[in-house]
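For reference, the structure discussed in these notes is given below.
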Amino acid sequence: MKLLKKLLKITLLCLLLLLVVAGGYLWMVFGPLVKGAMSAEKLDDGLYYMEYRGDDGFDALMEKGGFETADQLGSYAMEFLSKGHYKPEVKTEKADFGCSALTVATPDGGVMMGRNFDFPSAVGVIMHSIPDRGYESITTFNVEFYGFGEDYKPEGFANQYMALTGLFVALDGINEKGFAMADLMAGDSVVTNQRTSKPDLTTTGAIRYLLNNAANVGEALELLKGIDMHSDIGSAHHYAMADASGRSVVVEYVDNQMVVTESPALANHYLCEAKNGVGLVEGDHRYDMLCERYEQTGGVMDEKTLTEAIKAVSQEEVKGKFLGTAWTMVMDLKNPSVTYYSRRHFDKPFHFKLSRTKD
């Protein structure tokens, strides 16, 4: 009887040890993701904040050669979040969005970039990423971009976990070096599909890639030359880019070739010489308004003035058809930080600072 009790005790201790080891292993594998999911916080209507620290999976993505469609990228994201145990088929839907951006100098020698994201419907997630390798960044992701819809706003653990998809895609953001960029519709539906032996990335996947790895506009342009670009959601896109030195450019694609134009402002029509003005809609004066404000101030604005300028070109909601401006960002590139406003609630700022230094 004593021997049986001793054996039972040893067996129970062994089982307990196995559970502890298994639990430790599971936490080591899934712990950062669970902590990231649990960090989700609602800030305002349609705007949430999350923070993630650890392996963001992007190096492994690039080692696989990247992906050339949003569906494939979304599937990879789900595979990463499940650590290979779940490999779904993800289907995205085409949708048009607006947007505007303006980069200025500040009176004290700084650089700031303002950006509106306009969309028919949106649930924005601010993703503060501090990866094991790569630059810290603060980006924004619309969960509806992947057709998740309002039912997938990051409330409840399952939806919060799914929102970690934002580790692989971004619509705009800034990194610890003061490099900032934003995705805007370019003005037509001519898609870019570069096909060489280089790694593939989609428009939004490339934003995450650049913010992880580029300290300035020059480095970002070199990185873009090293990938094959593929348009998200079946439309033409262009990027507004700026860095702490004050350089600001627009990156567009014409006949699958990257074209760079120096410009502080951008809306939803092409600026490059080959397609200048394509996509400009009669009655849309946002770009002209931004350029006018820029000229009036000599390109120098404080944060309040820039906020007012970007607010002036934000778009109102059209009930049942268009959300209007889903979020507005005002980014400080010299002292990397960003202030968000959700759905034109300019009396409710949310300020976030990147913790790492630029040195």
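All residue names refer to the structure tokens as shown: chains lettered A, B, ... in order, residues numbered from 1 in each chain, ligands numbered from 1 in order.
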Give one line per residue of range 106-173 of chain A that approaches range 63-85 of chain A to at most 8 Å, naming the two atoms of the closest pair and their distance in Å to one decimal, counting only C-alpha atoms; sort by chain then ascending residue number and deliver it as JSON lines.
```
{"residue": "A:Tyr146", "atom": "CA", "partner": "A:Gly74", "partner_atom": "CA", "distance": 7.7}
{"residue": "A:Tyr161", "atom": "CA", "partner": "A:Leu81", "partner_atom": "CA", "distance": 7.9}
{"residue": "A:Met162", "atom": "CA", "partner": "A:Met78", "partner_atom": "CA", "distance": 7.7}
{"residue": "A:Leu164", "atom": "CA", "partner": "A:Leu81", "partner_atom": "CA", "distance": 7.7}
{"residue": "A:Thr165", "atom": "CA", "partner": "A:Ala77", "partner_atom": "CA", "distance": 5.7}
{"residue": "A:Phe168", "atom": "CA", "partner": "A:Ala77", "partner_atom": "CA", "distance": 6.8}
```
Each residue of range 164-248 of chain A lying at most 12 Å from range 337-343 of chain A should get a row with its shortest atom-to-atom pair and the distance in Å to one decimal, counting only C-alpha atoms; could you produce that, ordered by chain and increasing number, as a tab-separated table?
```
residue	atom	partner	partner_atom	distance
A:Asp172	CA	A:Val338	CA	11.2
A:Gly173	CA	A:Val338	CA	8.6
A:Ile174	CA	A:Ser337	CA	7.6
A:Asn175	CA	A:Ser337	CA	8.6
A:Glu176	CA	A:Ser337	CA	8.4
A:Lys177	CA	A:Ser337	CA	10.4
A:Gly178	CA	A:Ser337	CA	8.3
A:Phe179	CA	A:Ser337	CA	10.8
A:Ala180	CA	A:Val338	CA	10.2
A:Ala244	CA	A:Ser337	CA	11.7
```
- Which neighbours of range 214-226 of chain A fall inside 10 Å, counting only C-alpha atoms, when residues of the same chain fewer than 3 positions from it are skipped, and could you give them as a ChimeraX atom specification? /A:134-135,175-181,197-201,206-207,209-211,229,241-249,251,257-258,260,358
- Item | Neighbour list for Ala309 in chain A as a VMD selection string, cut-off 7 Å, only C-alpha atoms, skip fewer than 4 positions in-chain | chain A and resid 290 293 305
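For the choices A:Gly57, A:Gly298, A:Gly124, A:Gly324, the atom-to-atom distance to Ala163 in chain A is smallest for A:Gly124 when using only C-alpha atoms.
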- Message: Neighbouring residues of Glu51 in chain A were defined as those with any atom within 7 Å, considering only C-alpha atoms; residues of the same chain fewer than 5 positions away were excluded. Please report them as an NGL selection string.
- Response: :A and (36 or 39 or 127-129)
Could the residues in this selection be written to a file with C-alpha atoms, as a compact mmCIF listing (two decimals), in the first residue's frame?
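Produced file out10.txt, reproduced below:
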```
# COMPACT_ATOMS: atom_id res chain seq x y z
CA GLY A 36 -0.49 41.79 -27.36
CA SER A 39 -3.45 45.07 -24.60
CA MET A 127 -0.56 49.05 -33.53
CA HIS A 128 2.43 49.99 -31.38
CA SER A 129 5.03 47.42 -32.39
```
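In this structure, CA of Ile310 in chain A sits 7.4 Å away from CA of Leu102 in chain A.
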- Hey, which of A:Glu144, A:Glu41, A:Asp118, A:Asp56 ends up closest to Leu323 in chain A? Count only C-alpha atoms.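 Smallest separation from Leu323 in chain A among the options: A:Asp118.
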Let's see if you can do this: from backbone DSSP, list all alpha helix (DSSP H) residues in range 86-313 of chain A, as a PDB file with C-alpha atoms, in the first residue's frame.
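Saved to states.pdb:
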```pdb
ATOM      1  CA  PHE A 157     -10.169  37.978 -26.799  1.00  0.00           C
ATOM      2  CA  ALA A 158     -10.814  36.219 -30.134  1.00  0.00           C
ATOM      3  CA  ASN A 159     -11.256  39.476 -32.037  1.00  0.00           C
ATOM      4  CA  GLN A 160      -8.368  41.122 -30.201  1.00  0.00           C
ATOM      5  CA  TYR A 161      -6.129  38.225 -31.192  1.00  0.00           C
ATOM      6  CA  MET A 162      -7.237  38.483 -34.822  1.00  0.00           C
ATOM      7  CA  THR A 203       1.046  47.914 -50.815  1.00  0.00           C
ATOM      8  CA  THR A 204       0.177  47.644 -47.131  1.00  0.00           C
ATOM      9  CA  GLY A 205       2.681  44.879 -46.450  1.00  0.00           C
ATOM     10  CA  ALA A 206       5.430  47.087 -47.869  1.00  0.00           C
ATOM     11  CA  ILE A 207       4.552  49.867 -45.408  1.00  0.00           C
ATOM     12  CA  ARG A 208       5.188  47.516 -42.512  1.00  0.00           C
ATOM     13  CA  TYR A 209       8.413  46.325 -44.168  1.00  0.00           C
ATOM     14  CA  LEU A 210       9.703  49.856 -44.677  1.00  0.00           C
ATOM     15  CA  LEU A 211       8.814  51.090 -41.200  1.00  0.00           C
ATOM     16  CA  ASN A 212      10.599  48.053 -39.734  1.00  0.00           C
ATOM     17  CA  ASN A 213      13.761  48.666 -41.744  1.00  0.00           C
ATOM     18  CA  VAL A 217      13.285  58.329 -47.198  1.00  0.00           C
ATOM     19  CA  GLY A 218      16.494  57.373 -49.007  1.00  0.00           C
ATOM     20  CA  GLU A 219      16.683  53.991 -47.310  1.00  0.00           C
ATOM     21  CA  ALA A 220      12.988  53.402 -47.954  1.00  0.00           C
ATOM     22  CA  LEU A 221      13.389  54.038 -51.683  1.00  0.00           C
ATOM     23  CA  GLU A 222      16.306  51.609 -51.854  1.00  0.00           C
ATOM     24  CA  LEU A 223      14.254  48.953 -50.063  1.00  0.00           C
ATOM     25  CA  LEU A 224      11.386  49.467 -52.524  1.00  0.00           C
ATOM     26  CA  LYS A 225      13.798  48.832 -55.391  1.00  0.00           C
ATOM     27  CA  ARG A 286      -8.129  69.149 -51.082  1.00  0.00           C
ATOM     28  CA  TYR A 287      -4.711  69.074 -52.743  1.00  0.00           C
ATOM     29  CA  ASP A 288      -4.955  72.704 -53.792  1.00  0.00           C
ATOM     30  CA  MET A 289      -6.047  73.713 -50.306  1.00  0.00           C
ATOM     31  CA  LEU A 290      -3.067  71.965 -48.745  1.00  0.00           C
ATOM     32  CA  CYS A 291      -0.662  73.540 -51.232  1.00  0.00           C
ATOM     33  CA  GLU A 292      -2.212  76.959 -50.599  1.00  0.00           C
ATOM     34  CA  ARG A 293      -1.767  76.611 -46.836  1.00  0.00           C
ATOM     35  CA  TYR A 294       1.799  75.439 -47.415  1.00  0.00           C
ATOM     36  CA  GLU A 295       2.619  78.441 -49.615  1.00  0.00           C
ATOM     37  CA  GLN A 296       0.955  80.897 -47.216  1.00  0.00           C
ATOM     38  CA  GLU A 303       1.358  71.564 -34.525  1.00  0.00           C
ATOM     39  CA  LYS A 304      -1.831  73.576 -34.074  1.00  0.00           C
ATOM     40  CA  THR A 305      -1.566  75.142 -37.534  1.00  0.00           C
ATOM     41  CA  LEU A 306      -0.837  71.816 -39.222  1.00  0.00           C
ATOM     42  CA  THR A 307      -3.753  70.210 -37.417  1.00  0.00           C
ATOM     43  CA  GLU A 308      -6.040  72.982 -38.617  1.00  0.00           C
ATOM     44  CA  ALA A 309      -4.745  72.570 -42.181  1.00  0.00           C
ATOM     45  CA  ILE A 310      -5.329  68.826 -42.265  1.00  0.00           C
ATOM     46  CA  LYS A 311      -8.664  69.256 -40.494  1.00  0.00           C
ATOM     47  CA  ALA A 312      -9.755  71.680 -43.245  1.00  0.00           C
TER      48      ALA A 312
END
```
- For each of A:Glu262, A:Asp183, A:Glu317, A:Asp59, take the minimum atom-to-atom distance to Val250 in chain A, counting only C-alpha atoms, then give the residue where this is smallest.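 Result for the nearest residue to Val250 in chain A: A:Glu262.
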- Item | Expected answer as JSON, numbers by chain: strand (DSSP E or B) residues in range 178-241 of chain A | {"A": [180, 181, 182, 183, 184, 185, 193, 200, 201, 202, 228, 229, 230, 237, 238, 239, 240, 241]}
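For the choices A:Val300, A:Ala240, A:Ile130, A:Met329, the atom-to-atom distance to Pro32 in chain A is smallest for A:Ile130 when using only C-alpha atoms.
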- Task: Rounded to one decimal place, report the CA of Val318 in chain A-CA of Tyr270 in chain A distance in Å.
- Result: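 Rounded to one decimal, the two atoms are 25.4 Å apart.
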